[in-house]
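Visitor: Contents of final.cif (mmCIF, N, CA and C atoms) are below:
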data_start
loop_
_atom_site.label_atom_id
_atom_site.label_comp_id
_atom_site.auth_asym_id
_atom_site.auth_seq_id
_atom_site.Cartn_x
_atom_site.Cartn_y
_atom_site.Cartn_z
N MET A 16 -13.53 1.45 -21.82
CA MET A 16 -12.80 0.54 -20.98
C MET A 16 -12.82 1.07 -19.56
N VAL A 17 -13.29 0.26 -18.65
CA VAL A 17 -13.29 0.59 -17.22
C VAL A 17 -12.69 -0.59 -16.46
N ARG A 18 -11.88 -0.26 -15.45
CA ARG A 18 -11.23 -1.32 -14.68
C ARG A 18 -10.99 -0.90 -13.24
N LEU A 19 -11.03 -1.90 -12.37
CA LEU A 19 -10.52 -1.79 -11.01
C LEU A 19 -9.36 -2.77 -10.97
N GLN A 20 -8.25 -2.36 -10.38
CA GLN A 20 -7.09 -3.26 -10.37
C GLN A 20 -6.21 -3.01 -9.16
N ARG A 21 -5.45 -4.00 -8.80
CA ARG A 21 -4.54 -3.91 -7.66
C ARG A 21 -3.11 -3.59 -8.09
N GLU A 22 -2.78 -3.78 -9.33
CA GLU A 22 -1.43 -3.49 -9.81
C GLU A 22 -1.35 -2.04 -10.28
N PRO A 23 -0.13 -1.50 -10.40
CA PRO A 23 0.04 -0.12 -10.84
C PRO A 23 -0.67 0.15 -12.18
N ILE A 24 -1.12 1.38 -12.35
CA ILE A 24 -1.81 1.78 -13.57
C ILE A 24 -0.78 2.05 -14.66
N ASP A 25 -0.98 1.44 -15.82
CA ASP A 25 -0.12 1.66 -16.98
C ASP A 25 -0.66 2.87 -17.73
N LEU A 26 -0.07 4.03 -17.49
CA LEU A 26 -0.56 5.26 -18.09
C LEU A 26 -0.39 5.27 -19.61
N VAL A 27 0.64 4.63 -20.11
CA VAL A 27 0.86 4.57 -21.56
C VAL A 27 -0.29 3.82 -22.24
N ALA A 28 -0.81 2.78 -21.61
CA ALA A 28 -1.90 2.01 -22.20
C ALA A 28 -3.20 2.80 -22.31
N LEU A 29 -3.31 3.90 -21.58
CA LEU A 29 -4.51 4.73 -21.64
C LEU A 29 -4.50 5.69 -22.82
N HIS A 30 -3.41 5.79 -23.54
CA HIS A 30 -3.23 6.79 -24.59
C HIS A 30 -3.78 6.36 -25.95
N ALA A 31 -4.80 5.54 -26.00
CA ALA A 31 -5.35 5.11 -27.28
C ALA A 31 -6.08 6.25 -27.97
N VAL A 32 -5.63 6.57 -29.17
CA VAL A 32 -6.30 7.58 -29.98
C VAL A 32 -6.50 7.02 -31.38
N SER A 33 -7.47 7.58 -32.09
CA SER A 33 -7.73 7.19 -33.46
C SER A 33 -7.23 8.30 -34.39
N PRO A 34 -7.20 8.03 -35.69
CA PRO A 34 -6.79 9.09 -36.63
C PRO A 34 -7.72 10.30 -36.61
N LYS A 35 -8.93 10.16 -36.10
CA LYS A 35 -9.89 11.27 -36.02
C LYS A 35 -9.60 12.20 -34.85
N ASP A 36 -8.79 11.75 -33.90
CA ASP A 36 -8.57 12.50 -32.67
C ASP A 36 -7.52 13.60 -32.83
N GLY A 37 -7.85 14.75 -32.27
CA GLY A 37 -6.90 15.85 -32.20
C GLY A 37 -6.54 16.18 -30.77
N ALA A 38 -7.16 15.43 -29.82
CA ALA A 38 -6.91 15.71 -28.41
C ALA A 38 -6.99 14.44 -27.58
N LEU A 39 -6.15 14.38 -26.59
CA LEU A 39 -6.20 13.33 -25.58
C LEU A 39 -6.04 14.02 -24.23
N CYS A 40 -7.06 13.92 -23.41
CA CYS A 40 -7.02 14.52 -22.09
C CYS A 40 -6.85 13.40 -21.07
N LEU A 41 -5.84 13.50 -20.23
CA LEU A 41 -5.55 12.47 -19.25
C LEU A 41 -5.50 13.09 -17.87
N PHE A 42 -6.35 12.58 -16.97
CA PHE A 42 -6.31 12.98 -15.57
C PHE A 42 -5.74 11.82 -14.78
N VAL A 43 -4.78 12.11 -13.91
CA VAL A 43 -4.19 11.09 -13.03
C VAL A 43 -4.24 11.60 -11.60
N GLY A 44 -4.93 10.87 -10.73
CA GLY A 44 -4.94 11.17 -9.31
C GLY A 44 -3.78 10.44 -8.66
N VAL A 45 -3.01 11.14 -7.85
CA VAL A 45 -1.78 10.61 -7.25
C VAL A 45 -1.88 10.69 -5.73
N VAL A 46 -1.37 9.68 -5.06
CA VAL A 46 -1.37 9.65 -3.59
C VAL A 46 -0.42 10.74 -3.08
N ARG A 47 -0.97 11.63 -2.25
CA ARG A 47 -0.17 12.73 -1.71
C ARG A 47 0.21 12.44 -0.26
N ASP A 48 1.19 13.17 0.24
CA ASP A 48 1.74 12.91 1.57
C ASP A 48 1.10 13.75 2.68
N GLU A 49 0.03 14.47 2.38
CA GLU A 49 -0.59 15.35 3.38
C GLU A 49 -2.07 15.52 3.04
N ASN A 50 -2.89 15.61 4.07
CA ASN A 50 -4.30 15.92 3.89
C ASN A 50 -4.77 16.74 5.09
N GLY A 51 -5.23 17.94 4.83
CA GLY A 51 -5.70 18.80 5.91
C GLY A 51 -4.63 19.13 6.93
N GLY A 52 -3.38 19.23 6.50
CA GLY A 52 -2.28 19.54 7.40
C GLY A 52 -1.73 18.34 8.16
N ARG A 53 -2.29 17.17 7.91
CA ARG A 53 -1.87 15.95 8.61
C ARG A 53 -1.01 15.09 7.67
N PRO A 54 0.20 14.71 8.09
CA PRO A 54 1.05 13.88 7.23
C PRO A 54 0.43 12.50 6.98
N VAL A 55 0.38 12.11 5.72
CA VAL A 55 -0.16 10.80 5.32
C VAL A 55 1.02 9.90 4.98
N LEU A 56 1.02 8.68 5.52
CA LEU A 56 2.09 7.72 5.26
C LEU A 56 1.81 6.86 4.03
N ARG A 57 0.54 6.48 3.86
CA ARG A 57 0.11 5.65 2.72
C ARG A 57 -1.41 5.65 2.68
N LEU A 58 -1.96 5.07 1.62
CA LEU A 58 -3.41 4.96 1.45
C LEU A 58 -3.79 3.52 1.16
N GLU A 59 -5.07 3.25 1.33
CA GLU A 59 -5.63 1.97 0.89
C GLU A 59 -7.02 2.25 0.35
N TYR A 60 -7.32 1.68 -0.81
CA TYR A 60 -8.65 1.82 -1.41
C TYR A 60 -9.36 0.48 -1.40
N GLU A 61 -10.67 0.52 -1.13
CA GLU A 61 -11.54 -0.64 -1.24
C GLU A 61 -12.75 -0.23 -2.06
N ALA A 62 -13.40 -1.22 -2.67
CA ALA A 62 -14.57 -0.93 -3.50
C ALA A 62 -15.59 -2.05 -3.37
N TYR A 63 -16.83 -1.71 -3.61
CA TYR A 63 -17.89 -2.69 -3.80
C TYR A 63 -17.86 -2.97 -5.30
N GLU A 64 -17.00 -3.91 -5.70
CA GLU A 64 -16.67 -4.12 -7.11
C GLU A 64 -17.88 -4.47 -7.97
N GLU A 65 -18.81 -5.27 -7.45
CA GLU A 65 -19.98 -5.68 -8.23
C GLU A 65 -20.87 -4.49 -8.59
N MET A 66 -20.79 -3.43 -7.80
CA MET A 66 -21.56 -2.22 -8.08
C MET A 66 -20.69 -1.17 -8.78
N ALA A 67 -19.42 -1.11 -8.43
CA ALA A 67 -18.54 -0.08 -8.96
C ALA A 67 -18.32 -0.21 -10.46
N LEU A 68 -18.05 -1.39 -10.94
CA LEU A 68 -17.78 -1.57 -12.38
C LEU A 68 -18.97 -1.20 -13.26
N PRO A 69 -20.20 -1.65 -12.94
CA PRO A 69 -21.34 -1.22 -13.76
C PRO A 69 -21.56 0.30 -13.71
N LEU A 70 -21.32 0.93 -12.55
CA LEU A 70 -21.46 2.39 -12.47
C LEU A 70 -20.39 3.09 -13.31
N MET A 71 -19.19 2.57 -13.31
CA MET A 71 -18.14 3.14 -14.14
C MET A 71 -18.50 3.00 -15.62
N ALA A 72 -19.07 1.86 -15.99
CA ALA A 72 -19.51 1.66 -17.38
C ALA A 72 -20.64 2.63 -17.75
N GLU A 73 -21.52 2.92 -16.80
CA GLU A 73 -22.59 3.90 -17.05
C GLU A 73 -22.00 5.29 -17.28
N ILE A 74 -20.99 5.66 -16.51
CA ILE A 74 -20.33 6.95 -16.69
C ILE A 74 -19.68 7.01 -18.07
N GLU A 75 -19.01 5.94 -18.45
CA GLU A 75 -18.38 5.86 -19.77
C GLU A 75 -19.43 6.08 -20.87
N ALA A 76 -20.56 5.38 -20.78
CA ALA A 76 -21.62 5.50 -21.78
C ALA A 76 -22.21 6.92 -21.78
N GLU A 77 -22.39 7.50 -20.60
CA GLU A 77 -22.93 8.84 -20.51
C GLU A 77 -22.00 9.86 -21.16
N VAL A 78 -20.70 9.73 -20.91
CA VAL A 78 -19.72 10.63 -21.51
C VAL A 78 -19.78 10.50 -23.04
N LYS A 79 -19.83 9.28 -23.54
CA LYS A 79 -19.89 9.06 -24.99
C LYS A 79 -21.18 9.61 -25.58
N GLY A 80 -22.25 9.63 -24.81
CA GLY A 80 -23.52 10.17 -25.29
C GLY A 80 -23.60 11.69 -25.26
N ARG A 81 -22.85 12.32 -24.37
CA ARG A 81 -22.93 13.78 -24.20
C ARG A 81 -21.92 14.55 -25.03
N TRP A 82 -20.76 13.95 -25.29
CA TRP A 82 -19.70 14.63 -26.01
C TRP A 82 -19.26 13.81 -27.22
N PRO A 83 -18.77 14.45 -28.27
CA PRO A 83 -18.27 13.72 -29.44
C PRO A 83 -16.86 13.19 -29.18
N VAL A 84 -16.77 12.17 -28.34
CA VAL A 84 -15.48 11.58 -27.99
C VAL A 84 -15.36 10.23 -28.68
N THR A 85 -14.13 9.81 -28.90
CA THR A 85 -13.90 8.51 -29.54
C THR A 85 -13.51 7.43 -28.55
N GLU A 86 -12.98 7.84 -27.40
CA GLU A 86 -12.52 6.85 -26.43
C GLU A 86 -12.62 7.41 -25.02
N VAL A 87 -13.06 6.55 -24.09
CA VAL A 87 -13.09 6.88 -22.66
C VAL A 87 -12.50 5.68 -21.93
N ARG A 88 -11.50 5.94 -21.11
CA ARG A 88 -10.88 4.88 -20.32
C ARG A 88 -10.74 5.35 -18.88
N MET A 89 -11.20 4.48 -17.94
CA MET A 89 -11.14 4.80 -16.51
C MET A 89 -10.58 3.60 -15.76
N VAL A 90 -9.57 3.86 -14.94
CA VAL A 90 -8.95 2.81 -14.13
C VAL A 90 -8.79 3.35 -12.71
N HIS A 91 -9.19 2.52 -11.72
CA HIS A 91 -9.00 2.90 -10.32
C HIS A 91 -8.26 1.77 -9.62
N ARG A 92 -7.26 2.13 -8.85
CA ARG A 92 -6.50 1.16 -8.06
C ARG A 92 -7.27 0.77 -6.81
N LEU A 93 -7.02 -0.44 -6.36
CA LEU A 93 -7.53 -0.93 -5.08
C LEU A 93 -6.34 -1.46 -4.29
N GLY A 94 -6.52 -1.55 -2.97
CA GLY A 94 -5.46 -2.07 -2.12
C GLY A 94 -4.53 -0.96 -1.64
N PRO A 95 -3.41 -1.37 -1.03
CA PRO A 95 -2.47 -0.39 -0.47
C PRO A 95 -1.66 0.31 -1.55
N MET A 96 -1.38 1.61 -1.30
CA MET A 96 -0.59 2.41 -2.23
C MET A 96 0.35 3.33 -1.47
N ALA A 97 1.51 3.54 -2.05
CA ALA A 97 2.51 4.42 -1.45
C ALA A 97 2.33 5.84 -1.97
N ILE A 98 2.94 6.78 -1.27
CA ILE A 98 2.94 8.18 -1.69
C ILE A 98 3.54 8.25 -3.10
N GLY A 99 2.89 9.03 -3.96
CA GLY A 99 3.38 9.23 -5.32
C GLY A 99 2.81 8.28 -6.36
N GLU A 100 2.15 7.22 -5.93
CA GLU A 100 1.58 6.28 -6.90
C GLU A 100 0.27 6.80 -7.46
N ALA A 101 -0.02 6.45 -8.71
CA ALA A 101 -1.29 6.82 -9.34
C ALA A 101 -2.39 5.94 -8.77
N SER A 102 -3.45 6.58 -8.28
CA SER A 102 -4.57 5.83 -7.70
C SER A 102 -5.76 5.75 -8.65
N VAL A 103 -5.90 6.71 -9.55
CA VAL A 103 -7.01 6.73 -10.50
C VAL A 103 -6.54 7.44 -11.76
N ALA A 104 -7.04 6.97 -12.91
CA ALA A 104 -6.72 7.64 -14.18
C ALA A 104 -7.94 7.61 -15.09
N VAL A 105 -8.15 8.72 -15.76
CA VAL A 105 -9.22 8.85 -16.75
C VAL A 105 -8.60 9.44 -18.00
N ALA A 106 -8.82 8.80 -19.14
CA ALA A 106 -8.34 9.29 -20.42
C ALA A 106 -9.52 9.43 -21.36
N VAL A 107 -9.58 10.56 -22.05
CA VAL A 107 -10.64 10.81 -23.03
C VAL A 107 -9.99 11.33 -24.31
N ALA A 108 -10.29 10.67 -25.41
CA ALA A 108 -9.82 11.10 -26.73
C ALA A 108 -11.01 11.67 -27.50
N ALA A 109 -10.74 12.75 -28.24
CA ALA A 109 -11.79 13.42 -29.02
C ALA A 109 -11.16 14.20 -30.16
N PRO A 110 -11.96 14.57 -31.15
CA PRO A 110 -11.43 15.38 -32.24
C PRO A 110 -10.91 16.75 -31.79
N HIS A 111 -11.51 17.31 -30.73
CA HIS A 111 -11.14 18.66 -30.28
C HIS A 111 -10.91 18.71 -28.78
N ARG A 112 -10.03 19.61 -28.33
CA ARG A 112 -9.62 19.67 -26.93
C ARG A 112 -10.74 20.10 -25.99
N ALA A 113 -11.59 21.01 -26.40
CA ALA A 113 -12.64 21.49 -25.49
C ALA A 113 -13.52 20.33 -25.04
N GLU A 114 -13.92 19.50 -25.97
CA GLU A 114 -14.75 18.35 -25.64
C GLU A 114 -13.99 17.33 -24.81
N ALA A 115 -12.71 17.12 -25.13
CA ALA A 115 -11.89 16.17 -24.36
C ALA A 115 -11.74 16.63 -22.91
N PHE A 116 -11.46 17.92 -22.71
CA PHE A 116 -11.33 18.45 -21.35
C PHE A 116 -12.64 18.33 -20.58
N ALA A 117 -13.74 18.76 -21.19
CA ALA A 117 -15.04 18.74 -20.51
C ALA A 117 -15.45 17.31 -20.16
N ALA A 118 -15.28 16.40 -21.08
CA ALA A 118 -15.67 15.01 -20.86
C ALA A 118 -14.81 14.35 -19.78
N CYS A 119 -13.51 14.63 -19.80
CA CYS A 119 -12.60 14.06 -18.81
C CYS A 119 -12.94 14.58 -17.41
N ARG A 120 -13.18 15.87 -17.30
CA ARG A 120 -13.54 16.47 -16.01
C ARG A 120 -14.83 15.86 -15.48
N TYR A 121 -15.82 15.74 -16.34
CA TYR A 121 -17.09 15.16 -15.93
C TYR A 121 -16.90 13.71 -15.48
N ALA A 122 -16.11 12.94 -16.23
CA ALA A 122 -15.90 11.52 -15.91
C ALA A 122 -15.26 11.36 -14.53
N ILE A 123 -14.19 12.09 -14.23
CA ILE A 123 -13.53 11.92 -12.93
C ILE A 123 -14.40 12.45 -11.80
N ASP A 124 -15.06 13.58 -12.00
CA ASP A 124 -15.92 14.13 -10.95
C ASP A 124 -17.09 13.20 -10.65
N THR A 125 -17.67 12.62 -11.67
CA THR A 125 -18.81 11.72 -11.49
C THR A 125 -18.36 10.40 -10.87
N LEU A 126 -17.21 9.89 -11.29
CA LEU A 126 -16.66 8.67 -10.68
C LEU A 126 -16.47 8.88 -9.18
N LYS A 127 -15.85 9.99 -8.80
CA LYS A 127 -15.60 10.26 -7.38
C LYS A 127 -16.88 10.44 -6.58
N ALA A 128 -17.92 10.98 -7.21
CA ALA A 128 -19.17 11.25 -6.51
C ALA A 128 -20.08 10.04 -6.40
N LYS A 129 -20.06 9.14 -7.38
CA LYS A 129 -21.08 8.09 -7.45
C LYS A 129 -20.60 6.65 -7.25
N VAL A 130 -19.34 6.39 -7.53
CA VAL A 130 -18.86 5.01 -7.52
C VAL A 130 -18.41 4.61 -6.11
N PRO A 131 -18.87 3.45 -5.61
CA PRO A 131 -18.55 3.03 -4.24
C PRO A 131 -17.10 2.53 -4.10
N ILE A 132 -16.21 3.52 -3.98
CA ILE A 132 -14.79 3.27 -3.74
C ILE A 132 -14.42 4.12 -2.54
N TRP A 133 -13.80 3.49 -1.54
CA TRP A 133 -13.49 4.18 -0.28
C TRP A 133 -12.00 4.22 -0.05
N LYS A 134 -11.56 5.34 0.56
CA LYS A 134 -10.14 5.58 0.81
C LYS A 134 -9.87 5.59 2.31
N LYS A 135 -8.82 4.87 2.70
CA LYS A 135 -8.36 4.88 4.09
C LYS A 135 -6.97 5.49 4.10
N GLU A 136 -6.80 6.55 4.90
CA GLU A 136 -5.50 7.18 5.04
C GLU A 136 -4.82 6.67 6.31
N PHE A 137 -3.52 6.43 6.21
CA PHE A 137 -2.72 5.97 7.34
C PHE A 137 -1.76 7.07 7.76
N TYR A 138 -1.76 7.35 9.06
CA TYR A 138 -0.92 8.39 9.65
C TYR A 138 0.01 7.74 10.68
N ALA A 139 0.96 8.50 11.20
CA ALA A 139 1.87 7.97 12.22
C ALA A 139 1.10 7.56 13.47
N ASP A 140 -0.03 8.23 13.77
CA ASP A 140 -0.78 7.96 15.00
C ASP A 140 -2.12 7.25 14.76
N GLY A 141 -2.29 6.61 13.61
CA GLY A 141 -3.54 5.87 13.36
C GLY A 141 -3.97 5.96 11.92
N SER A 142 -5.25 5.67 11.68
CA SER A 142 -5.79 5.68 10.33
C SER A 142 -7.24 6.17 10.36
N LEU A 143 -7.74 6.53 9.17
CA LEU A 143 -9.08 7.08 9.07
C LEU A 143 -9.66 6.79 7.69
N TRP A 144 -10.91 6.25 7.67
CA TRP A 144 -11.64 6.10 6.42
C TRP A 144 -12.23 7.45 6.07
N LEU A 145 -12.06 7.88 4.82
CA LEU A 145 -12.54 9.18 4.39
C LEU A 145 -13.75 9.03 3.48
N GLN A 146 -14.73 9.89 3.69
CA GLN A 146 -15.91 9.91 2.84
C GLN A 146 -15.68 10.93 1.74
N ASN A 147 -16.10 10.59 0.53
CA ASN A 147 -15.94 11.50 -0.59
C ASN A 147 -16.81 12.73 -0.39
N GLN A 148 -16.21 13.90 -0.42
CA GLN A 148 -16.94 15.15 -0.23
C GLN A 148 -17.26 15.87 -1.54
N GLU A 149 -16.81 15.29 -2.67
CA GLU A 149 -17.03 15.93 -3.96
C GLU A 149 -18.41 15.61 -4.48
N SER A 150 -18.90 16.42 -5.40
CA SER A 150 -20.19 16.14 -6.02
C SER A 150 -20.05 16.22 -7.52
N ALA A 151 -20.90 15.48 -8.21
CA ALA A 151 -20.86 15.46 -9.66
C ALA A 151 -21.34 16.80 -10.21
N PRO A 152 -20.80 17.21 -11.34
CA PRO A 152 -21.25 18.46 -11.94
C PRO A 152 -22.69 18.33 -12.46
N LYS A 153 -23.36 19.46 -12.54
CA LYS A 153 -24.72 19.49 -13.06
C LYS A 153 -24.68 19.37 -14.58
N ALA A 154 -25.69 18.74 -15.14
CA ALA A 154 -25.80 18.63 -16.59
C ALA A 154 -26.05 20.01 -17.19
N ASP A 155 -25.44 20.28 -18.33
CA ASP A 155 -25.62 21.57 -19.00
C ASP A 155 -26.97 21.63 -19.66
#
As a first step, turn the structure in this file into structure tokens.
Guide:
Amino acid sequence: MVRLQREPIDLVALHAVSPKDGALCLFVGVVRDENGGRPVLRLEYEAYEEMALPLMAEIEAEVKGRWPVTEVRMVHRLGPMAIGEASVAVAVAAPHRAEAFAACRYAIDTLKAKVPIWKKEFYADGSLWLQNQESAPKAD
């Protein structure tokens, strides 16, 4: 399951596990009030949705192909967000924690590196579009 949405992320809905699962790894990115020593008032995310959703689905399929996971769920917010709100969430269920952790880390890192979603930070003295500086992990 992959989604882009403008409403708050329902973290409870991401907790789908099967009887085979012994682990659920959940990463939640939250809007913070500071970046590089500069106070942030709020954020806004935009995406090239027609490209972003298929890329998110590719990441989901890749994760399922590389690790023995039973479920992968990724949700990213769009639009304006206040400090403290969840902006992105990735949940991975698997029989064992090591695979759940590795798959979840790979999913969020790859989403941030490859999916066309842009963040604008708002400050007291203006705003700035930020380019993603993260890179996807190398395949093992």
Visitor: Could you state which residues are captured by the PyMOL selection byres ((chain A and resi 56-63) around 7) in this file, as JSON, numbers by chain?
Guide: {"A": [46, 47, 48, 49, 54, 55, 64, 65, 66, 67, 68, 92, 93, 94, 95, 96, 97, 98, 130, 131, 132, 133, 134, 135, 136, 137, 138, 139]}
Visitor: State, in Å with one decimal place, the distance from atom C of Cys40 in chain A to CA of Val107 in chain A.
Guide: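 CA of Val107 in chain A lies at a distance of 5.0 Å from atom C of Cys40 in chain A.
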Visitor: List every residue of chain A that DSSP, applied to the backbone of this structure, assigns to alpha helix (DSSP H), and report them as a ChimeraX atom specification.
Guide: /A:64-81,112-129
Visitor: How would the residues just chosen look if you wrote them out with N, CA and C atoms as a compact mmCIF listing (two decimals), in the frame of the given file?
Guide:
# COMPACT_ATOMS: atom_id res chain seq x y z
N GLU A 64 -17.00 -3.91 -5.70
CA GLU A 64 -16.67 -4.12 -7.11
C GLU A 64 -17.88 -4.47 -7.97
N GLU A 65 -18.81 -5.27 -7.45
CA GLU A 65 -19.98 -5.68 -8.23
C GLU A 65 -20.87 -4.49 -8.59
N MET A 66 -20.79 -3.43 -7.80
CA MET A 66 -21.56 -2.22 -8.08
C MET A 66 -20.69 -1.17 -8.78
N ALA A 67 -19.42 -1.11 -8.43
CA ALA A 67 -18.54 -0.08 -8.96
C ALA A 67 -18.32 -0.21 -10.46
N LEU A 68 -18.05 -1.39 -10.94
CA LEU A 68 -17.78 -1.57 -12.38
C LEU A 68 -18.97 -1.20 -13.26
N PRO A 69 -20.20 -1.65 -12.94
CA PRO A 69 -21.34 -1.22 -13.76
C PRO A 69 -21.56 0.30 -13.71
N LEU A 70 -21.32 0.93 -12.55
CA LEU A 70 -21.46 2.39 -12.47
C LEU A 70 -20.39 3.09 -13.31
N MET A 71 -19.19 2.57 -13.31
CA MET A 71 -18.14 3.14 -14.14
C MET A 71 -18.50 3.00 -15.62
N ALA A 72 -19.07 1.86 -15.99
CA ALA A 72 -19.51 1.66 -17.38
C ALA A 72 -20.64 2.63 -17.75
N GLU A 73 -21.52 2.92 -16.80
CA GLU A 73 -22.59 3.90 -17.05
C GLU A 73 -22.00 5.29 -17.28
N ILE A 74 -20.99 5.66 -16.51
CA ILE A 74 -20.33 6.95 -16.69
C ILE A 74 -19.68 7.01 -18.07
N GLU A 75 -19.01 5.94 -18.45
CA GLU A 75 -18.38 5.86 -19.77
C GLU A 75 -19.43 6.08 -20.87
N ALA A 76 -20.56 5.38 -20.78
CA ALA A 76 -21.62 5.50 -21.78
C ALA A 76 -22.21 6.92 -21.78
N GLU A 77 -22.39 7.50 -20.60
CA GLU A 77 -22.93 8.84 -20.51
C GLU A 77 -22.00 9.86 -21.16
N VAL A 78 -20.70 9.73 -20.91
CA VAL A 78 -19.72 10.63 -21.51
C VAL A 78 -19.78 10.50 -23.04
N LYS A 79 -19.83 9.28 -23.54
CA LYS A 79 -19.89 9.06 -24.99
C LYS A 79 -21.18 9.61 -25.58
N GLY A 80 -22.25 9.63 -24.81
CA GLY A 80 -23.52 10.17 -25.29
C GLY A 80 -23.60 11.69 -25.26
N ARG A 81 -22.85 12.32 -24.37
CA ARG A 81 -22.93 13.78 -24.20
C ARG A 81 -21.92 14.55 -25.03
N ARG A 112 -10.03 19.61 -28.33
CA ARG A 112 -9.62 19.67 -26.93
C ARG A 112 -10.74 20.10 -25.99
N ALA A 113 -11.59 21.01 -26.40
CA ALA A 113 -12.64 21.49 -25.49
C ALA A 113 -13.52 20.33 -25.04
N GLU A 114 -13.92 19.50 -25.97
CA GLU A 114 -14.75 18.35 -25.64
C GLU A 114 -13.99 17.33 -24.81
N ALA A 115 -12.71 17.12 -25.13
CA ALA A 115 -11.89 16.17 -24.36
C ALA A 115 -11.74 16.63 -22.91
N PHE A 116 -11.46 17.92 -22.71
CA PHE A 116 -11.33 18.45 -21.35
C PHE A 116 -12.64 18.33 -20.58
N ALA A 117 -13.74 18.76 -21.19
CA ALA A 117 -15.04 18.74 -20.51
C ALA A 117 -15.45 17.31 -20.16
N ALA A 118 -15.28 16.40 -21.08
CA ALA A 118 -15.67 15.01 -20.86
C ALA A 118 -14.81 14.35 -19.78
N CYS A 119 -13.51 14.63 -19.80
CA CYS A 119 -12.60 14.06 -18.81
C CYS A 119 -12.94 14.58 -17.41
N ARG A 120 -13.18 15.87 -17.30
CA ARG A 120 -13.54 16.47 -16.01
C ARG A 120 -14.83 15.86 -15.48
N TYR A 121 -15.82 15.74 -16.34
CA TYR A 121 -17.09 15.16 -15.93
C TYR A 121 -16.90 13.71 -15.48
N ALA A 122 -16.11 12.94 -16.23
CA ALA A 122 -15.90 11.52 -15.91
C ALA A 122 -15.26 11.36 -14.53
N ILE A 123 -14.19 12.09 -14.23
CA ILE A 123 -13.53 11.92 -12.93
C ILE A 123 -14.40 12.45 -11.80
N ASP A 124 -15.06 13.58 -12.00
CA ASP A 124 -15.92 14.13 -10.95
C ASP A 124 -17.09 13.20 -10.65
N THR A 125 -17.67 12.62 -11.67
CA THR A 125 -18.81 11.72 -11.49
C THR A 125 -18.36 10.40 -10.87
N LEU A 126 -17.21 9.89 -11.29
CA LEU A 126 -16.66 8.67 -10.68
C LEU A 126 -16.47 8.88 -9.18
N LYS A 127 -15.85 9.99 -8.80
CA LYS A 127 -15.60 10.26 -7.38
C LYS A 127 -16.88 10.44 -6.58
N ALA A 128 -17.92 10.98 -7.21
CA ALA A 128 -19.17 11.25 -6.51
C ALA A 128 -20.08 10.04 -6.40
N LYS A 129 -20.06 9.14 -7.38
CA LYS A 129 -21.08 8.09 -7.45
C LYS A 129 -20.60 6.65 -7.25
Visitor: What separation in Å, quoted to one decimal, exists between atom C of Lys79 in chain A and atom C of Val43 in chain A?
Guide: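 Those two atoms sit 22.1 Å apart.
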Visitor: Report, in Å to a single decimal, how far apart CA of Arg88 in chain A and CA of Ala122 in chain A are.
Guide: 9.4 Å
Visitor: Let's see if you can do this: from backbone DSSP, list all strand (DSSP E or B) residues in range 70-130 of chain A, as a VMD selection string.
Guide: chain A and resid 86 to 92 94 to 97 101 to 109
Visitor: Lys35 in chain A: which residues within 6.5 Å, counting all atoms listed in the file, same-chain residues fewer than 2 positions away excluded, as JSON, numbers by chain?
Guide: {"A": [32, 33, 37, 38, 109, 110]}
Visitor: Between A:Val84, A:Ala117, A:Ala101, A:Ala128, which has the minimum distance to Pro23 in chain A (counting all atoms listed in the file)?
Guide: A:Ala101
Visitor: Which residue out of A:Leu143, A:Ala115, A:Val17, A:Gly44 has the minimum interatomic distance to Gly99 in chain A when only C-alpha atoms are used?
Guide: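 Distance minimum relative to Gly99 in chain A lands on A:Gly44.
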Visitor: Apply the PyMOL selection byres (((chain A and resi 90 and name CA) around 9) and name CA) to the structure shown and report the selected residues as a PyMOL selection string.
Guide: chain A and resi 16-20+24+29+88-89+91-92+102-105
Visitor: For a quick check of understanding, using only N, CA and C atoms, which of A:Ala106, A:Leu26, A:Leu41, A:Ala118 has the smallest distance to Glu86 in chain A?
Guide: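 Of the candidates, the smallest distance to Glu86 in chain A is held by A:Ala106.
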